[in-house]
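**Student:** Next comes model13.cif, mmCIF, C-alpha atoms:
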```cif
data_target
#
loop_
_atom_site.label_atom_id
_atom_site.label_comp_id
_atom_site.auth_asym_id
_atom_site.auth_seq_id
_atom_site.Cartn_x
_atom_site.Cartn_y
_atom_site.Cartn_z
CA MET A 7 -1.72 -0.39 -19.70
CA TYR A 8 0.04 2.05 -17.39
CA GLY A 9 -1.89 5.14 -16.45
CA LEU A 10 -5.41 3.87 -16.68
CA ARG A 11 -7.30 5.54 -13.85
CA ILE A 12 -9.80 2.72 -13.61
CA ALA A 13 -7.02 0.19 -13.19
CA ILE A 14 -5.37 2.32 -10.52
CA ALA A 15 -8.59 2.71 -8.59
CA SER A 16 -9.45 -0.96 -8.79
CA MET A 17 -6.05 -2.04 -7.54
CA CYS A 18 -6.17 0.29 -4.55
CA VAL A 19 -9.70 -0.78 -3.68
CA ALA A 20 -8.62 -4.41 -3.87
CA GLY A 21 -5.76 -3.74 -1.46
CA ILE A 22 -8.04 -1.96 1.00
CA ALA A 23 -10.51 -4.81 0.83
CA ALA A 24 -7.78 -7.37 1.52
CA SER A 25 -6.61 -5.54 4.64
CA SER A 26 -10.16 -5.13 5.96
CA GLY A 27 -11.36 -8.66 5.33
CA MET A 28 -13.70 -7.75 2.45
CA THR A 29 -13.92 -10.13 -0.50
CA LEU A 30 -13.62 -8.90 -4.06
CA ALA A 31 -13.11 -10.66 -7.35
CA PRO A 32 -9.41 -11.32 -8.09
CA THR A 33 -7.61 -8.51 -9.89
CA MET A 34 -4.36 -8.40 -11.81
CA HIS A 35 -1.43 -6.18 -10.90
CA LEU A 36 -0.96 -3.81 -13.80
CA ARG A 37 2.68 -2.90 -13.31
CA GLY A 38 4.67 -1.09 -15.94
CA GLY A 39 8.19 -1.79 -17.17
CA ASP A 40 10.14 -4.63 -15.59
CA ARG A 41 9.90 -3.55 -11.97
CA LYS A 42 10.51 -6.02 -9.17
CA TYR A 43 9.23 -5.25 -5.72
CA PHE A 44 11.90 -3.80 -3.45
CA MET A 45 11.63 -4.01 0.35
CA ALA A 46 14.26 -2.18 2.38
CA GLY A 47 14.55 -2.11 6.14
CA ASN A 48 15.93 1.15 7.51
CA TRP A 49 17.24 0.31 10.99
CA LYS A 50 18.17 3.94 11.76
CA MET A 51 20.19 4.08 15.06
CA ASN A 52 19.19 0.55 16.01
CA PRO A 53 19.67 -2.05 17.42
CA ALA A 54 21.81 -1.44 20.49
CA THR A 55 24.43 -4.17 20.03
CA ILE A 56 26.21 -6.15 17.34
CA ASP A 57 24.70 -9.39 18.66
CA GLU A 58 21.19 -8.00 18.18
CA ALA A 59 22.15 -6.88 14.67
CA LYS A 60 23.39 -10.38 13.83
CA SER A 61 20.17 -11.94 15.08
CA LEU A 62 17.97 -9.52 13.18
CA ALA A 63 19.94 -9.96 9.95
CA ALA A 64 19.59 -13.73 10.24
CA GLU A 65 15.83 -13.37 10.66
CA VAL A 66 15.62 -11.27 7.49
CA VAL A 67 17.51 -13.95 5.58
CA LYS A 68 15.00 -16.57 6.78
CA SER A 69 12.12 -14.38 5.62
CA THR A 70 13.48 -14.23 2.09
CA GLU A 71 14.08 -17.97 1.97
CA VAL A 72 10.33 -18.61 2.14
CA CYS A 73 9.35 -15.63 -0.03
CA LYS A 74 7.60 -16.78 -3.20
CA LYS A 75 7.79 -13.41 -4.93
CA ASP A 76 10.61 -12.24 -7.14
CA MET A 77 11.75 -9.21 -5.17
CA ASP A 78 14.82 -7.40 -3.89
CA VAL A 79 15.34 -7.12 -0.14
CA CYS A 80 17.84 -4.89 1.61
CA VAL A 81 18.78 -4.03 5.18
CA CYS A 82 20.15 -0.54 5.74
CA CYS A 83 21.96 -0.57 9.06
CA PRO A 84 24.24 1.67 11.13
CA TYR A 85 27.88 1.96 10.01
CA PRO A 86 29.35 -0.19 12.85
CA PHE A 87 27.22 -3.16 11.79
CA LEU A 88 27.65 -3.00 8.01
CA ALA A 89 30.57 -5.40 7.56
CA THR A 90 29.15 -7.98 9.97
CA VAL A 91 25.66 -7.87 8.46
CA ALA A 92 27.16 -8.07 4.95
CA ASP A 93 28.91 -11.30 5.95
CA ILE A 94 25.68 -12.76 7.35
CA VAL A 95 23.63 -12.05 4.22
CA LYS A 96 26.36 -12.94 1.72
CA GLY A 97 25.12 -15.45 -0.82
CA THR A 98 21.46 -14.89 0.09
CA LYS A 99 18.68 -12.84 -1.47
CA VAL A 100 19.40 -9.99 0.96
CA SER A 101 21.62 -7.00 0.18
CA VAL A 102 23.11 -4.41 2.48
CA GLY A 103 22.68 -0.66 2.34
CA ALA A 104 24.07 2.33 4.21
CA GLU A 105 21.81 4.89 5.82
CA ASP A 106 23.87 7.81 4.52
CA VAL A 107 27.20 8.72 2.95
CA PHE A 108 29.50 11.73 3.23
CA THR A 109 29.89 14.08 0.29
CA GLU A 110 33.69 13.78 0.01
CA GLU A 111 35.82 10.85 -1.09
CA LYS A 112 38.42 11.14 1.68
CA GLY A 113 40.17 13.65 3.90
CA ALA A 114 40.03 15.42 7.25
CA PHE A 115 36.29 14.98 7.87
CA THR A 116 35.93 13.61 11.39
CA GLY A 117 32.92 11.31 11.61
CA GLY A 118 32.41 11.18 7.85
CA VAL A 119 32.10 7.87 5.99
CA SER A 120 33.05 7.81 2.32
CA ILE A 121 31.45 5.95 -0.55
CA SER A 122 34.63 3.89 -1.10
CA GLN A 123 34.52 2.76 2.52
CA LEU A 124 30.89 1.70 2.16
CA LYS A 125 31.63 -0.15 -1.05
CA SER A 126 34.61 -1.95 0.50
CA VAL A 127 32.46 -3.53 3.23
CA GLY A 128 29.83 -4.82 0.83
CA CYS A 129 27.20 -2.11 0.52
CA LYS A 130 25.02 -2.17 -2.58
CA TYR A 131 22.59 0.64 -1.69
CA VAL A 132 22.79 4.04 -0.03
CA VAL A 133 19.80 5.87 1.44
CA ILE A 134 19.96 9.55 0.46
CA GLY A 135 17.78 12.45 1.56
CA HIS A 136 15.88 10.74 4.35
CA SER A 137 13.56 13.17 6.08
CA GLU A 138 15.52 12.88 9.30
CA ARG A 139 18.51 14.34 7.49
CA ARG A 140 16.39 16.75 5.47
CA HIS A 141 14.31 18.27 8.25
CA GLY A 142 16.61 18.61 11.21
CA ASN A 143 16.10 15.50 13.32
CA ILE A 144 19.76 14.63 12.87
CA ALA A 145 20.79 17.15 10.21
CA SER A 146 19.36 19.88 7.98
CA GLU A 147 20.86 19.06 4.63
CA SER A 148 19.93 20.61 1.31
CA ASP A 149 18.84 19.19 -2.02
CA ALA A 150 22.24 20.21 -3.37
CA THR A 151 23.89 18.01 -0.74
CA PHE A 152 21.60 15.12 -1.58
CA ASN A 153 22.37 15.57 -5.26
CA LYS A 154 26.10 15.36 -4.53
CA LYS A 155 25.54 12.21 -2.48
CA THR A 156 23.51 10.71 -5.30
CA ARG A 157 26.22 11.57 -7.77
CA ILE A 158 29.08 10.00 -5.79
CA THR A 159 26.96 6.91 -5.10
CA LEU A 160 26.25 6.34 -8.77
CA ASP A 161 29.83 7.15 -9.77
CA ALA A 162 31.01 4.42 -7.40
CA GLY A 163 28.75 1.88 -9.06
CA LEU A 164 26.32 1.60 -6.14
CA GLU A 165 22.57 2.18 -6.13
CA ALA A 166 20.80 5.17 -4.58
CA ILE A 167 17.53 5.23 -2.66
CA LEU A 168 16.55 8.89 -2.97
CA CYS A 169 13.89 9.96 -0.49
CA VAL A 170 11.36 12.69 -1.17
CA GLY A 171 8.29 13.84 0.68
CA GLU A 172 6.38 16.70 2.25
CA THR A 173 5.90 17.90 5.81
CA LYS A 174 2.49 18.00 7.47
CA ASP A 175 2.14 21.74 6.81
CA GLU A 176 2.99 21.23 3.14
CA TYR A 177 0.52 18.36 2.90
CA GLU A 178 -2.28 20.39 4.47
CA ALA A 179 -1.48 23.24 2.06
CA LYS A 180 -1.83 20.75 -0.83
CA LEU A 181 1.81 21.27 -1.81
CA ASN A 182 2.84 17.63 -1.61
CA LYS A 183 3.22 17.16 -5.35
CA ALA A 184 5.03 20.46 -5.84
CA VAL A 185 7.43 19.61 -3.02
CA CYS A 186 8.16 16.17 -4.46
CA ALA A 187 8.70 17.62 -7.93
CA LEU A 188 11.22 20.14 -6.64
CA GLN A 189 13.08 17.58 -4.55
CA LEU A 190 13.24 15.19 -7.50
CA SER A 191 14.44 17.83 -9.94
CA LYS A 192 17.17 19.04 -7.60
CA GLY A 193 18.17 15.66 -6.21
CA LEU A 194 18.47 14.07 -9.66
CA ALA A 195 20.19 17.00 -11.38
CA GLY A 196 22.81 15.64 -13.75
CA VAL A 197 21.63 12.03 -13.42
CA THR A 198 21.19 10.48 -16.86
CA LYS A 199 18.31 8.26 -17.86
CA GLU A 200 20.74 5.34 -18.11
CA GLU A 201 21.82 5.95 -14.51
CA MET A 202 18.21 5.94 -13.36
CA ALA A 203 18.36 2.16 -13.62
CA ARG A 204 20.34 2.38 -10.36
CA VAL A 205 18.04 4.85 -8.61
CA THR A 206 15.05 3.98 -6.45
CA ILE A 207 12.74 6.76 -5.31
CA ALA A 208 11.23 6.49 -1.83
CA TYR A 209 8.17 8.63 -1.18
CA GLU A 210 8.01 9.26 2.55
CA PRO A 211 5.46 11.81 3.72
CA VAL A 212 7.18 13.29 6.75
CA TRP A 213 3.95 13.42 8.72
CA ALA A 214 3.66 9.63 8.48
CA ILE A 215 7.17 8.66 9.61
CA GLY A 216 7.28 7.15 13.07
CA THR A 217 3.92 8.70 13.93
CA GLY A 218 1.71 5.68 13.37
CA LEU A 219 -0.06 7.68 10.67
CA THR A 220 0.02 6.25 7.18
CA ALA A 221 -0.98 7.80 3.89
CA THR A 222 -4.00 5.88 2.64
CA PRO A 223 -3.39 3.71 -0.42
CA GLU A 224 -5.29 6.31 -2.47
CA ILE A 225 -3.07 9.16 -1.25
CA ALA A 226 0.12 7.16 -1.71
CA GLN A 227 -0.86 5.92 -5.17
CA GLU A 228 -1.79 9.43 -6.30
CA VAL A 229 1.61 10.80 -5.28
CA HIS A 230 3.50 7.79 -6.68
CA ALA A 231 1.71 8.22 -10.00
CA PHE A 232 2.61 11.91 -9.94
CA ILE A 233 6.25 11.11 -9.24
CA ARG A 234 6.26 8.77 -12.21
CA SER A 235 4.69 11.45 -14.39
CA HIS A 236 7.33 13.96 -13.24
CA LEU A 237 10.07 11.46 -14.09
CA THR A 238 8.48 11.19 -17.53
CA GLU A 239 8.88 14.94 -17.94
CA MET A 240 12.46 14.80 -16.68
CA TYR A 241 13.44 11.81 -18.82
CA ASP A 242 10.90 9.84 -20.85
CA ALA A 243 8.04 7.42 -20.32
CA GLU A 244 10.18 4.31 -20.70
CA THR A 245 12.63 5.48 -18.05
CA ALA A 246 9.88 6.61 -15.69
CA ASN A 247 8.03 3.33 -16.05
CA SER A 248 11.15 1.36 -15.11
CA VAL A 249 12.03 3.29 -11.94
CA ARG A 250 10.96 1.67 -8.68
CA ILE A 251 9.13 3.92 -6.23
CA GLN A 252 8.92 2.74 -2.64
CA TYR A 253 6.50 4.00 -0.03
CA GLY A 254 7.89 4.87 3.40
CA GLY A 255 5.85 6.02 6.36
CA SER A 256 4.76 3.68 9.17
CA VAL A 257 4.57 0.65 6.88
CA ALA A 258 3.39 -2.32 8.94
CA PRO A 259 1.91 -5.81 8.49
CA ASN A 260 -1.62 -4.41 8.76
CA ASN A 261 -1.29 -1.97 5.85
CA VAL A 262 1.33 -3.44 3.53
CA ASP A 263 -1.12 -5.53 1.47
CA ALA A 264 -3.25 -2.51 0.61
CA LEU A 265 -0.25 -0.36 -0.24
CA MET A 266 1.42 -3.01 -2.42
CA ALA A 267 -1.83 -3.52 -4.36
CA CYS A 268 -1.41 -0.10 -5.96
CA PRO A 269 0.26 -0.24 -9.39
CA ASP A 270 2.78 2.55 -8.84
CA ILE A 271 3.97 1.37 -5.42
CA ASP A 272 6.92 -0.93 -5.98
CA GLY A 273 7.95 -1.72 -2.43
CA ALA A 274 8.58 -0.08 0.90
CA LEU A 275 11.25 1.68 2.91
CA VAL A 276 10.41 0.28 6.33
CA GLY A 277 11.45 1.89 9.60
CA GLY A 278 10.24 0.64 12.99
CA ALA A 279 8.67 -2.57 11.69
CA SER A 280 12.00 -3.65 10.19
CA LEU A 281 13.41 -3.98 13.72
CA VAL A 282 11.02 -6.80 14.57
CA GLY A 283 11.77 -9.95 12.63
CA GLU A 284 8.18 -11.22 12.63
CA LYS A 285 6.80 -7.89 11.39
CA PHE A 286 9.36 -7.51 8.61
CA ASP A 287 8.71 -11.12 7.60
CA LYS A 288 5.03 -10.31 7.09
CA ILE A 289 5.94 -7.22 5.08
CA VAL A 290 8.35 -9.11 2.81
CA ASN A 291 5.81 -11.90 2.41
CA PHE A 292 2.81 -9.66 1.79
CA LYS A 293 -0.22 -11.11 0.04
#
```
For this file, produce the structure as structure tokens.
**Tutor:**
Amino acid sequence: MYGLRIAIASMCVAGIAASSGMTLAPTMHLRGGDRKYFMAGNWKMNPATIDEAKSLAAEVVKSTEVCKKDMDVCVCCPYPFLATVADIVKGTKVSVGAEDVFTEEKGAFTGGVSISQLKSVGCKYVVIGHSERRHGNIASESDATFNKKTRITLDAGLEAILCVGETKDEYEAKLNKAVCALQLSKGLAGVTKEEMARVTIAYEPVWAIGTGLTATPEIAQEVHAFIRSHLTEMYDAETANSVRIQYGGSVAPNNVDALMACPDIDGALVGGASLVGEKFDKIVNFK
């Protein structure tokens, strides 16, 4: 049954043990709703050439061909590669996502890419609110902007991956849950519970992105459980229990098993490790 603290603790401990070589009695994943695991590779501004993108996409397809789990896999790649990658993964278990979308449908917006353009080249998912667009690495966009992007994504029939997460200062001030709650409430404003079937939440503590630092399974599970409880307040328990919540923040082959053992972690938004076929293969085919 969802929410049992003992079950949560036992699952996280089991994951930690698996990654450290300890042996524990087998445990059962107590996952609520009908949630499939969802692994998404966020390539960011990589790789350097279209040929490298083709090769990497082909490696991802091979990884899913041997995957024994029922899961969704997506590659979110730079705009110039989207159409080519979509052709490579067509008819496979892999979907294509965009790393961002502009807030307007069309017009004189130099450099902007619209939702209709993304849809026309085969995108299924759109990453929205990534910390690098939230905290000034490439942009300093607001929750209102992310809400508009979520709205146009859903209106176009695509699926949104809405990112939330706290900075290091906010984490040290014990504001991580409050920050996530505010970002969720603002980012999902006007989104109905029916539309939440096409929304994935990605919890990405900013202090763990590209730093090599990773929230422990206990920290990640605690925040994921909180996010689910906040979604319950925003919608209802049934809706909250059906929403997939990914973890993002230096996910790698050496920590994925422990993270995925936690009952409220439904997959990963993978950065650097998604650029190495062998590493992403091990993440998709976690134990």
**Student:** Can you tell me, as a PDB file with C-alpha atoms, keeping the file's coordinate frame, which residues sit within 9 Å of (22.2, 0.0, 11.9) in the file's frame, using all atoms listed in the file?
**Tutor:**
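As a result, out_6.pdb now contains:
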```
ATOM      1  CA  ASN A  48      15.930   1.150   7.510  1.00  0.00           C
ATOM      2  CA  TRP A  49      17.240   0.310  10.990  1.00  0.00           C
ATOM      3  CA  LYS A  50      18.170   3.940  11.760  1.00  0.00           C
ATOM      4  CA  MET A  51      20.190   4.080  15.060  1.00  0.00           C
ATOM      5  CA  ASN A  52      19.190   0.550  16.010  1.00  0.00           C
ATOM      6  CA  PRO A  53      19.670  -2.050  17.420  1.00  0.00           C
ATOM      7  CA  ALA A  54      21.810  -1.440  20.490  1.00  0.00           C
ATOM      8  CA  ALA A  59      22.150  -6.880  14.670  1.00  0.00           C
ATOM      9  CA  VAL A  81      18.780  -4.030   5.180  1.00  0.00           C
ATOM     10  CA  CYS A  82      20.150  -0.540   5.740  1.00  0.00           C
ATOM     11  CA  CYS A  83      21.960  -0.570   9.060  1.00  0.00           C
ATOM     12  CA  PRO A  84      24.240   1.670  11.130  1.00  0.00           C
ATOM     13  CA  TYR A  85      27.880   1.960  10.010  1.00  0.00           C
ATOM     14  CA  PRO A  86      29.350  -0.190  12.850  1.00  0.00           C
ATOM     15  CA  PHE A  87      27.220  -3.160  11.790  1.00  0.00           C
ATOM     16  CA  LEU A  88      27.650  -3.000   8.010  1.00  0.00           C
ATOM     17  CA  ALA A 104      24.070   2.330   4.210  1.00  0.00           C
ATOM     18  CA  GLU A 105      21.810   4.890   5.820  1.00  0.00           C
TER      19      GLU A 105
END
```
**Student:** Write out as a PyMOL selection string the residues lying within 9 Å of Gly118 (chain A), counting all atoms listed in the file and excluding same-chain residues fewer than 3 positions away.
**Tutor:** chain A and resi 107-110+112+114-115
**Student:** Suppose a student applies the PyMOL selection byres ((chain A and resi 269-273) around 6) to this structure; what residues should they get, written as an mmCIF file with C-alpha atoms, keeping the file's coordinate frame?
**Tutor:**
```cif
data_model
loop_
_atom_site.group_PDB
_atom_site.id
_atom_site.type_symbol
_atom_site.label_atom_id
_atom_site.label_comp_id
_atom_site.auth_asym_id
_atom_site.auth_seq_id
_atom_site.Cartn_x
_atom_site.Cartn_y
_atom_site.Cartn_z
ATOM 1 C CA LEU A 36 -0.960 -3.810 -13.800
ATOM 2 C CA ARG A 37 2.680 -2.900 -13.310
ATOM 3 C CA TYR A 43 9.230 -5.250 -5.720
ATOM 4 C CA PHE A 44 11.900 -3.800 -3.450
ATOM 5 C CA MET A 45 11.630 -4.010 0.350
ATOM 6 C CA HIS A 230 3.500 7.790 -6.680
ATOM 7 C CA ALA A 231 1.710 8.220 -10.000
ATOM 8 C CA ARG A 250 10.960 1.670 -8.680
ATOM 9 C CA ILE A 251 9.130 3.920 -6.230
ATOM 10 C CA GLN A 252 8.920 2.740 -2.640
ATOM 11 C CA MET A 266 1.420 -3.010 -2.420
ATOM 12 C CA CYS A 268 -1.410 -0.100 -5.960
ATOM 13 C CA ALA A 274 8.580 -0.080 0.900
#
```
**Student:** Please identify every residue of region 46-156 of chain A that has at least one atom no farther than 7 Å from an atom of region 186-193 of chain A, counting all atoms listed in the file, and for each give the shortest atom pair and the distance in Å to one decimal, arranged by chain then increasing number, as JSON lines.
**Tutor:**
```
{"residue": "A:Asp149", "atom": "CA", "partner": "A:Gly193", "partner_atom": "CA", "distance": 5.5}
{"residue": "A:Ala150", "atom": "CA", "partner": "A:Lys192", "partner_atom": "CA", "distance": 6.7}
{"residue": "A:Phe152", "atom": "CA", "partner": "A:Gly193", "partner_atom": "CA", "distance": 5.8}
{"residue": "A:Asn153", "atom": "CA", "partner": "A:Gly193", "partner_atom": "CA", "distance": 4.3}
```
**Student:** Translate the PyMOL selection byres ((chain A and resi 177) around 12) into a concrete residue list for this structure, as a ChimeraX atom specification.
**Tutor:** /A:171-176,178-186,210-214,221,225,229
**Student:** Generate the output file for the selected residues, C-alpha atoms, as a compact mmCIF listing (two decimals), in the coordinates of the input.
**Tutor:**
```txt
# COMPACT_ATOMS: atom_id res chain seq x y z
CA GLY A 171 8.29 13.84 0.68
CA GLU A 172 6.38 16.70 2.25
CA THR A 173 5.90 17.90 5.81
CA LYS A 174 2.49 18.00 7.47
CA ASP A 175 2.14 21.74 6.81
CA GLU A 176 2.99 21.23 3.14
CA GLU A 178 -2.28 20.39 4.47
CA ALA A 179 -1.48 23.24 2.06
CA LYS A 180 -1.83 20.75 -0.83
CA LEU A 181 1.81 21.27 -1.81
CA ASN A 182 2.84 17.63 -1.61
CA LYS A 183 3.22 17.16 -5.35
CA ALA A 184 5.03 20.46 -5.84
CA VAL A 185 7.43 19.61 -3.02
CA CYS A 186 8.16 16.17 -4.46
CA GLU A 210 8.01 9.26 2.55
CA PRO A 211 5.46 11.81 3.72
CA VAL A 212 7.18 13.29 6.75
CA TRP A 213 3.95 13.42 8.72
CA ALA A 214 3.66 9.63 8.48
CA ALA A 221 -0.98 7.80 3.89
CA ILE A 225 -3.07 9.16 -1.25
CA VAL A 229 1.61 10.80 -5.28
```
**Student:** So the first atom is CA of Ser137 (chain A) and the second is CA of Ala92 (chain A); what is the distance between them in Å, to one decimal place?
**Tutor:** 25.2 Å
**Student:** So that I can check the surroundings of Val67 (chain A), please list as a PyMOL selection string every protein, DNA and RNA residue that reaches within 9 Å of it, counting only C-alpha atoms and ignoring chain neighbours fewer than 2 positions away.
**Tutor:** chain A and resi 62-65+69-71+94-95+98-100
**Student:** For the residues in the current selection, export C-alpha atoms as a CSV table (one decimal), in the coordinates of the input.
**Tutor:**
```csv
chain,number,residue,atom,x,y,z
A,62,LEU,CA,18.0,-9.5,13.2
A,63,ALA,CA,19.9,-10.0,10.0
A,64,ALA,CA,19.6,-13.7,10.2
A,65,GLU,CA,15.8,-13.4,10.7
A,69,SER,CA,12.1,-14.4,5.6
A,70,THR,CA,13.5,-14.2,2.1
A,71,GLU,CA,14.1,-18.0,2.0
A,94,ILE,CA,25.7,-12.8,7.4
A,95,VAL,CA,23.6,-12.0,4.2
A,98,THR,CA,21.5,-14.9,0.1
A,99,LYS,CA,18.7,-12.8,-1.5
A,100,VAL,CA,19.4,-10.0,1.0
```
**Student:** What gap, in Å, lies between CA of Lys199 (chain A) and CA of Val290 (chain A)?
**Tutor:** 28.8 Å
**Student:** Find the residues near Gln123 (chain A): any atom within 10 Å, counting all atoms listed in the file, skip ones fewer than 4 places away on the same chain, and give them as a PyMOL selection string.
**Tutor:** chain A and resi 107+111-112+119+127-129
**Student:** Extract, using all atoms listed in the file, all DNA, RNA and protein residues at most 9 Å from Gly163 (chain A), discarding same-chain residues fewer than 3 positions from it, and format them as a PyMOL selection string.
**Tutor:** chain A and resi 125+130+158-160+204
**Student:** Tell me, in Å to one decimal, how far CA of Met77 (chain A) is from CA of Phe286 (chain A).
**Tutor:**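 Those two atoms sit 14.1 Å apart.
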**Student:** Can you pull out the residues contacting Arg139 (chain A)? Cut-off 12 Å, using all atoms listed in the file, and skip same-chain residues under 2 positions away; I want them as a tab-separated table (two decimals) with C-alpha atoms, in the frame of the given file.
**Tutor:**
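Okay, out.tsv is ready:
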```tsv
chain	number	residue	atom	x	y	z
A	50	LYS	CA	18.17	3.94	11.76
A	105	GLU	CA	21.81	4.89	5.82
A	106	ASP	CA	23.87	7.81	4.52
A	107	VAL	CA	27.20	8.72	2.95
A	133	VAL	CA	19.80	5.87	1.44
A	134	ILE	CA	19.96	9.55	0.46
A	135	GLY	CA	17.78	12.45	1.56
A	136	HIS	CA	15.88	10.74	4.35
A	137	SER	CA	13.56	13.17	6.08
A	141	HIS	CA	14.31	18.27	8.25
A	142	GLY	CA	16.61	18.61	11.21
A	143	ASN	CA	16.10	15.50	13.32
A	144	ILE	CA	19.76	14.63	12.87
A	145	ALA	CA	20.79	17.15	10.21
A	146	SER	CA	19.36	19.88	7.98
A	147	GLU	CA	20.86	19.06	4.63
A	148	SER	CA	19.93	20.61	1.31
A	149	ASP	CA	18.84	19.19	-2.02
A	151	THR	CA	23.89	18.01	-0.74
A	152	PHE	CA	21.60	15.12	-1.58
A	168	LEU	CA	16.55	8.89	-2.97
A	169	CYS	CA	13.89	9.96	-0.49
A	170	VAL	CA	11.36	12.69	-1.17
A	212	VAL	CA	7.18	13.29	6.75
```
**Student:** Let me know the centre plus edge lengths, in Å and rounded to one decimal, of a box with edges along x, y and z that contains all listed atoms of region 213-225 of chain A and is padded by 5 Å on every side, as lines of an AutoDock Vina configuration file.
**Tutor:**
```
center_x = 1.0
center_y = 8.6
center_z = 5.7
size_x = 22.6
size_y = 19.7
size_z = 26.4
```
**Student:** Within 10 Å of (22.6, 0.2, -8.1) (coordinates as in the file), grab all the protein and nucleic acid residues, counting only C-alpha atoms, and write them out as a list in words.
**Tutor:**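 Every residue inside that radius is included here: Lys130, Tyr131, Val132, Thr159, Leu160, Ala162, Gly163, Leu164, Glu165, Ala166, Ile167, Glu201, Met202, Ala203, Arg204, Val205 and Thr206 of chain A.
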**Student:** What do you get, as a list in words, if you spell out every residue that the PyMOL selection byres ((chain A and resi 275) around 6) selects here?
**Tutor:** Ala46, Gly47, Gly254, Ala274 and Val276 of chain A
**Student:** From the set A:Ser122, A:Asp287, A:Glu200, A:Asp263, which residue has the shortest atom-to-atom contact distance to Ser248 (chain A), counting all atoms listed in the file?
**Tutor:**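 Of A:Ser122, A:Asp287, A:Glu200, A:Asp263, the one nearest Ser248 (chain A) is A:Glu200, counting all atoms listed in the file.
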**Student:** Using the atoms already present, construct N, CA, C and O atoms for region 175-187 of chain A and hand them back as a tab-separated table (two decimals), in the frame of the given file.
**Tutor:**
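The resulting rebuild.tsv:
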```tsv
chain	number	residue	atom	x	y	z
A	175	ASP	N	2.62	20.43	7.25
A	175	ASP	CA	2.14	21.74	6.81
A	175	ASP	C	2.04	21.80	5.30
A	175	ASP	O	1.07	22.35	4.75
A	176	GLU	N	3.01	21.23	4.61
A	176	GLU	CA	2.99	21.23	3.14
A	176	GLU	C	1.86	20.35	2.62
A	176	GLU	O	1.21	20.70	1.62
A	177	TYR	N	1.62	19.24	3.30
A	177	TYR	CA	0.52	18.36	2.90
A	177	TYR	C	-0.82	19.07	3.06
A	177	TYR	O	-1.67	19.03	2.16
A	178	GLU	N	-1.01	19.71	4.21
A	178	GLU	CA	-2.28	20.39	4.47
A	178	GLU	C	-2.49	21.58	3.53
A	178	GLU	O	-3.63	21.94	3.25
A	179	ALA	N	-1.38	22.15	3.03
A	179	ALA	CA	-1.48	23.24	2.06
A	179	ALA	C	-1.58	22.73	0.63
A	179	ALA	O	-1.54	23.53	-0.32
A	180	LYS	N	-1.70	21.40	0.48
A	180	LYS	CA	-1.83	20.75	-0.83
A	180	LYS	C	-0.60	21.01	-1.71
A	180	LYS	O	-0.71	21.19	-2.93
A	181	LEU	N	0.56	21.03	-1.09
A	181	LEU	CA	1.81	21.27	-1.81
A	181	LEU	C	2.63	19.99	-1.96
A	181	LEU	O	3.79	20.05	-2.38
A	182	ASN	N	2.04	18.85	-1.61
A	182	ASN	CA	2.84	17.63	-1.61
A	182	ASN	C	3.46	17.31	-2.97
A	182	ASN	O	4.62	16.93	-3.06
A	183	LYS	N	2.69	17.48	-4.03
A	183	LYS	CA	3.22	17.16	-5.35
A	183	LYS	C	4.28	18.17	-5.78
A	183	LYS	O	5.32	17.79	-6.35
A	184	ALA	N	4.05	19.43	-5.49
A	184	ALA	CA	5.03	20.46	-5.84
A	184	ALA	C	6.34	20.24	-5.09
A	184	ALA	O	7.43	20.40	-5.67
A	185	VAL	N	6.24	19.87	-3.82
A	185	VAL	CA	7.43	19.61	-3.02
A	185	VAL	C	8.21	18.42	-3.59
A	185	VAL	O	9.43	18.48	-3.76
A	186	CYS	N	7.50	17.36	-3.90
A	186	CYS	CA	8.16	16.17	-4.46
A	186	CYS	C	8.82	16.48	-5.80
A	186	CYS	O	9.94	16.02	-6.07
A	187	ALA	N	8.15	17.26	-6.62
A	187	ALA	CA	8.70	17.62	-7.93
A	187	ALA	C	10.01	18.39	-7.77
A	187	ALA	O	10.99	18.13	-8.47
```
